[in-house]
$ cat data.txt   # compact mmCIF, C-alpha atoms
# COMPACT_ATOMS: atom_id res chain seq x y z
CA GLU A 1 91.33 82.01 108.02
CA THR A 2 90.34 85.42 106.62
CA ASP A 3 93.91 86.70 106.93
CA HIS A 4 95.30 83.81 104.90
CA TYR A 5 96.41 84.73 101.36
CA TYR A 6 95.36 82.56 98.42
CA SER A 7 97.18 82.81 95.10
CA TRP A 8 96.25 81.78 91.57
CA GLY A 9 97.11 82.62 88.00
CA LEU A 10 96.47 82.14 84.33
CA ALA A 11 98.93 82.03 81.43
CA ARG A 12 97.89 82.37 77.81
CA VAL A 13 100.60 81.18 75.42
CA GLY A 14 99.48 81.92 71.89
CA SER A 15 100.69 82.29 68.37
CA ASN A 16 99.74 85.98 68.27
CA PHE A 17 100.52 87.17 71.84
CA ASN A 18 101.07 85.96 75.41
CA GLU A 19 99.41 86.99 78.68
CA LEU A 20 100.09 86.31 82.33
CA PHE A 21 97.69 87.00 85.23
CA LEU A 22 98.83 86.49 88.84
CA THR A 23 96.66 87.23 91.86
CA SER A 24 97.14 86.88 95.60
CA SER A 25 94.36 87.89 97.99
CA ASN A 26 92.74 87.51 101.36
CA ILE A 27 89.20 88.59 102.28
CA ARG A 28 89.80 92.36 101.80
CA ASN A 29 93.19 92.81 100.08
CA GLU A 30 94.34 91.72 96.64
CA TYR A 31 97.60 92.08 94.74
CA SER A 32 97.50 91.49 91.00
CA LEU A 33 99.85 91.42 88.04
CA ARG A 34 98.77 91.50 84.40
CA ALA A 35 101.43 91.21 81.68
CA GLU A 36 100.87 91.08 77.94
CA PHE A 37 103.47 90.87 75.20
CA ASP A 38 103.77 89.82 71.57
CA TYR A 39 106.60 88.58 69.38
CA ASP A 40 107.36 92.04 67.90
CA GLN A 41 108.65 93.53 71.18
CA ASN A 42 105.40 95.18 72.30
CA ALA A 43 104.55 94.80 75.99
CA GLU A 44 102.18 96.09 78.66
CA ILE A 45 102.52 95.31 82.37
CA GLU A 46 100.17 96.40 85.15
CA VAL A 47 100.62 95.84 88.90
CA ASN A 48 97.76 96.73 91.30
CA TYR A 49 96.79 96.72 94.94
CA ASN A 50 93.01 96.25 95.32
CA ARG A 51 90.98 96.90 98.46
CA TYR A 52 87.55 95.24 98.59
CA LEU A 53 84.80 97.54 99.85
CA ASN A 54 82.27 94.71 99.65
CA ASP A 55 81.87 91.49 97.67
CA TRP A 56 81.43 93.31 94.34
CA VAL A 57 83.31 96.63 94.51
CA ARG A 58 86.98 97.31 95.04
CA VAL A 59 89.17 100.38 94.71
CA TYR A 60 92.74 100.11 93.56
CA GLY A 61 96.00 101.87 92.93
CA GLY A 62 98.84 100.66 90.79
CA VAL A 63 101.36 101.16 88.05
CA ASN A 64 101.02 100.51 84.31
CA THR A 65 103.96 100.45 81.92
CA GLU A 66 103.90 99.80 78.20
CA THR A 67 106.22 100.16 75.24
CA SER A 68 105.88 103.66 73.83
CA THR A 69 107.82 102.94 70.63
CA PRO A 70 106.14 100.23 68.51
CA ASP A 71 108.15 97.02 68.04
CA SER A 72 110.88 98.05 70.48
CA TYR A 73 111.71 97.55 74.16
CA ASP A 74 113.83 100.73 74.12
CA THR A 75 111.31 103.15 75.67
CA PHE A 76 108.46 102.57 78.09
CA ASN A 77 105.67 104.88 79.26
CA THR A 78 105.04 104.27 82.98
CA VAL A 79 102.03 105.80 84.73
CA GLY A 80 100.37 105.56 88.13
CA LEU A 81 96.72 104.44 88.22
CA VAL A 82 93.74 104.78 90.54
CA GLY A 83 90.41 103.19 89.83
CA VAL A 84 87.33 101.21 90.77
CA LYS A 85 86.49 97.62 89.77
CA TYR A 86 82.92 96.33 89.90
CA PHE A 87 81.70 92.76 89.41
CA THR A 88 78.20 93.26 87.96
CA PRO A 89 75.15 91.05 88.58
CA TYR A 90 75.51 89.50 85.07
CA ARG A 91 79.14 88.56 85.78
CA PHE A 92 80.79 91.38 83.84
CA ASN A 93 84.01 92.78 85.25
CA VAL A 94 84.00 96.57 84.88
CA ASP A 95 87.19 98.54 85.54
CA VAL A 96 87.18 102.35 85.42
CA SER A 97 90.46 104.13 86.08
CA MET A 98 92.46 107.31 85.60
CA ASP A 99 96.24 107.50 85.30
CA HIS A 100 98.45 110.34 86.52
CA GLN A 101 98.52 111.80 82.98
CA LEU A 102 94.73 112.30 83.41
CA ARG A 103 93.82 109.70 80.79
CA PRO A 104 90.57 107.88 81.66
CA ARG A 105 90.24 104.17 80.86
CA ILE A 106 87.36 101.72 80.94
CA ARG A 107 87.80 97.95 80.67
CA LEU A 108 85.00 95.42 80.41
CA ASP A 109 85.42 91.64 80.25
CA ARG A 110 83.27 88.53 80.50
CA GLU A 111 83.65 84.76 80.21
CA LEU A 112 80.62 82.67 79.35
CA LEU A 113 80.37 78.88 79.44
CA ILE A 114 78.31 78.12 76.32
CA PHE A 115 78.67 74.30 76.36
CA PRO A 116 79.94 71.96 79.09
CA ARG A 117 83.60 72.27 77.93
CA ILE A 118 83.52 75.34 75.70
CA PHE A 119 83.58 78.91 76.88
CA LEU A 120 83.47 82.20 75.07
CA GLU A 121 85.43 85.21 76.29
CA GLY A 122 85.31 88.85 75.42
CA GLU A 123 87.33 91.84 76.55
CA TYR A 124 87.07 95.52 75.62
CA GLU A 125 89.30 98.42 76.71
CA TYR A 126 89.01 102.09 75.77
CA ARG A 127 91.48 104.79 76.79
CA ALA A 128 91.23 108.49 75.94
CA ASP A 129 93.78 111.30 76.16
CA PHE A 130 92.26 114.78 76.17
CA GLY A 131 95.62 116.54 76.21
CA TRP A 132 95.25 117.79 79.78
CA VAL A 133 98.85 116.74 80.51
CA ASN A 134 100.28 115.43 77.23
CA ASP A 135 100.68 117.46 74.04
CA LEU A 136 98.56 115.95 71.29
CA GLU A 137 99.62 115.72 67.65
CA ASN A 138 98.08 117.91 64.91
CA ASN A 139 96.06 120.07 67.33
CA LYS A 140 93.57 117.27 67.99
CA SER A 141 91.07 117.70 70.81
CA PHE A 142 91.67 114.11 71.99
CA GLU A 143 93.32 110.82 71.09
CA SER A 144 91.93 107.42 71.90
CA GLU A 145 93.01 103.81 71.91
CA THR A 146 90.70 100.81 71.73
CA GLN A 147 91.70 97.22 72.33
CA TRP A 148 89.37 94.23 72.23
CA LEU A 149 89.53 90.46 72.17
CA VAL A 150 87.05 87.71 71.32
CA GLY A 151 88.01 84.11 71.95
CA VAL A 152 86.80 80.54 72.30
CA ALA A 153 88.43 77.92 74.50
CA TYR A 154 87.93 74.18 74.88
CA ILE A 155 88.60 72.86 78.40
CA LEU A 156 90.95 69.86 78.25
CA SER A 157 91.36 69.45 82.00
CA ARG A 158 91.01 71.44 85.19
CA ASN A 159 94.23 73.32 84.46
CA PHE A 160 94.50 73.40 80.65
CA SER A 161 92.46 74.62 77.71
CA ILE A 162 93.18 75.11 74.03
CA GLN A 163 91.99 78.42 72.68
CA GLY A 164 91.62 80.53 69.60
CA ASN A 165 91.09 84.28 69.60
CA TYR A 166 91.13 87.49 67.67
CA ASN A 167 92.72 90.59 69.20
CA ASN A 168 92.45 93.84 67.26
CA ARG A 169 96.06 94.69 68.19
CA TYR A 170 97.67 91.29 67.51
CA GLY A 171 95.32 89.59 65.01
CA TRP A 172 94.21 85.95 64.87
CA GLY A 173 95.89 83.33 67.00
CA GLY A 174 95.56 80.18 69.01
CA GLY A 175 97.36 78.40 71.76
CA LEU A 176 97.16 77.06 75.28
CA LEU A 177 95.57 78.44 78.46
CA ALA A 178 97.10 77.20 81.70
CA ARG A 179 95.42 77.84 85.07
CA PHE A 180 97.43 77.37 88.25
$ encode --input "data.txt" --output "structure tokens"
Amino acid sequence: ETDHYYSWGLARVGSNFNELFLTSSNIRNEYSLRAEFDYDQNAEIEVNYNRYLNDWVRVYGGVNTETSTPDSYDTFNTVGLVGVKYFTPYRFNVDVSMDHQLRPRIRLDRELLIFPRIFLEGEYEYRADFGWVNDLENNKSFESETQWLVGVAYILSRNFSIQGNYNNRYGWGGGLLARF
């Protein structure tokens, strides 16, 4: 039974942006896909292989690609990633990684059931570029990018929720969450 793979996913279809999470795992191995795109031709896709070291810690390697020209699918920046994910005692998911352009990233997310059918979610991501590989504009010592989301969802059924959120990149929006 431990070698059997189980798969699940989540799709967020919203008025401001869309997300897709797909995961397939057994007791020690996990394959995951995370895709995010909006209606102005901005996209980010990440594919990872995770290896569980224990119940809470896993190391991973993968590929991340995102549009490098705003509002256009013409050019993408694709990088390789290595990192560590940790599920903390207070149910925070912490993800620390470095891409092959030597840009560190930290991602933190949490879902919290605040009432029997209402949950609150938060997500924060910070990425820095110190110019170790890339040339930075205007002789800066570093460039950074921050993305965060705060949302509330009402559970309609086991597989569906309606949700509203604010994302600092895409603004206010609402829509449907589907779990499968």
$ closest_atom_pairs --input "data.txt" --of "stretch 29-130 of chain A" --to "stretch 150-170 of chain A" --cutoff "12 Å" --atoms "only C-alpha atoms" --output "JSON lines"
{"residue": "A:Glu36", "atom": "CA", "partner": "A:Tyr170", "partner_atom": "CA", "distance": 10.9}
{"residue": "A:Phe37", "atom": "CA", "partner": "A:Tyr170", "partner_atom": "CA", "distance": 9.6}
{"residue": "A:Asp38", "atom": "CA", "partner": "A:Tyr170", "partner_atom": "CA", "distance": 7.5}
{"residue": "A:Tyr39", "atom": "CA", "partner": "A:Tyr170", "partner_atom": "CA", "distance": 9.5}
{"residue": "A:Asp40", "atom": "CA", "partner": "A:Tyr170", "partner_atom": "CA", "distance": 9.7}
{"residue": "A:Gln41", "atom": "CA", "partner": "A:Tyr170", "partner_atom": "CA", "distance": 11.8}
{"residue": "A:Asn42", "atom": "CA", "partner": "A:Tyr170", "partner_atom": "CA", "distance": 9.9}
{"residue": "A:Ala43", "atom": "CA", "partner": "A:Tyr170", "partner_atom": "CA", "distance": 11.5}
{"residue": "A:Pro70", "atom": "CA", "partner": "A:Arg169", "partner_atom": "CA", "distance": 11.5}
{"residue": "A:Asp71", "atom": "CA", "partner": "A:Tyr170", "partner_atom": "CA", "distance": 12.0}
{"residue": "A:Asp109", "atom": "CA", "partner": "A:Val150", "partner_atom": "CA", "distance": 9.9}
{"residue": "A:Arg110", "atom": "CA", "partner": "A:Val150", "partner_atom": "CA", "distance": 10.0}
{"residue": "A:Glu111", "atom": "CA", "partner": "A:Gly151", "partner_atom": "CA", "distance": 9.4}
{"residue": "A:Leu112", "atom": "CA", "partner": "A:Val152", "partner_atom": "CA", "distance": 9.6}
{"residue": "A:Leu113", "atom": "CA", "partner": "A:Ala153", "partner_atom": "CA", "distance": 9.5}
{"residue": "A:Ile114", "atom": "CA", "partner": "A:Val152", "partner_atom": "CA", "distance": 9.7}
{"residue": "A:Phe115", "atom": "CA", "partner": "A:Tyr154", "partner_atom": "CA", "distance": 9.4}
{"residue": "A:Pro116", "atom": "CA", "partner": "A:Ile155", "partner_atom": "CA", "distance": 8.7}
{"residue": "A:Arg117", "atom": "CA", "partner": "A:Ile155", "partner_atom": "CA", "distance": 5.1}
{"residue": "A:Ile118", "atom": "CA", "partner": "A:Tyr154", "partner_atom": "CA", "distance": 4.6}
{"residue": "A:Phe119", "atom": "CA", "partner": "A:Ala153", "partner_atom": "CA", "distance": 5.5}
{"residue": "A:Leu120", "atom": "CA", "partner": "A:Val152", "partner_atom": "CA", "distance": 4.6}
{"residue": "A:Glu121", "atom": "CA", "partner": "A:Gly151", "partner_atom": "CA", "distance": 5.2}
{"residue": "A:Gly122", "atom": "CA", "partner": "A:Val150", "partner_atom": "CA", "distance": 4.6}
{"residue": "A:Glu123", "atom": "CA", "partner": "A:Val150", "partner_atom": "CA", "distance": 6.7}
{"residue": "A:Tyr124", "atom": "CA", "partner": "A:Val150", "partner_atom": "CA", "distance": 8.9}
{"residue": "A:Glu125", "atom": "CA", "partner": "A:Asn168", "partner_atom": "CA", "distance": 11.0}
$ atom_distance --input "data.txt" --atom1 "atom CA of A:Asn48" --atom2 "atom CA of A:Gln101"
17.2 Å
$ atom_distance --input "data.txt" --atom1 "atom CA of A:Arg91" --atom2 "atom CA of A:Gly62"
23.7 Å
$ residues_around --input "data.txt" --residues "A:Phe142" --least-positions-apart "4" --cutoff "9 Å" --atoms "all atoms listed in the file" --output "list in words"
Ala128, Asp129, Phe130, Gly131 and Leu136 of chain A
$ residues_around --input "data.txt" --residues "A:Gly83" --least-positions-apart "5" --cutoff "6 Å" --atoms "only C-alpha atoms" --output "short mmCIF file (atom, residue, chain, number, x, y, z; two decimals) with C-alpha atoms, keeping the file's coordinate frame"
data_model
loop_
_atom_site.label_atom_id
_atom_site.label_comp_id
_atom_site.auth_asym_id
_atom_site.auth_seq_id
_atom_site.Cartn_x
_atom_site.Cartn_y
_atom_site.Cartn_z
CA VAL A 59 89.17 100.38 94.71
CA TYR A 60 92.74 100.11 93.56
CA VAL A 96 87.18 102.35 85.42
CA SER A 97 90.46 104.13 86.08
#
$ closest_residue --input "data.txt" --among "A:Asn26, A:Trp8, A:Asn64, A:Trp56" --to "A:Tyr90" --atoms "only C-alpha atoms"
A:Trp56
$ closest_residue --input "data.txt" --among "A:Arg34, A:Lys140, A:His100, A:Arg127" --to "A:Leu20" --atoms "only C-alpha atoms"
A:Arg34
$ residues_near_point --input "data.txt" --point "(95.2, 93.1, 94.1)" --cutoff "10 Å" --atoms "all atoms listed in the file" --output "list in words"
Leu22, Thr23, Ser24, Ser25, Asn26, Arg28, Asn29, Glu30, Tyr31, Ser32, Leu33, Val47, Asn48, Tyr49, Asn50, Arg51, Tyr52, Arg58, Val59, Tyr60, Gly61 and Gly62 of chain A
$ atom_distance --input "data.txt" --atom1 "atom CA of A:Ile45" --atom2 "atom CA of A:Val79"
10.8 Å
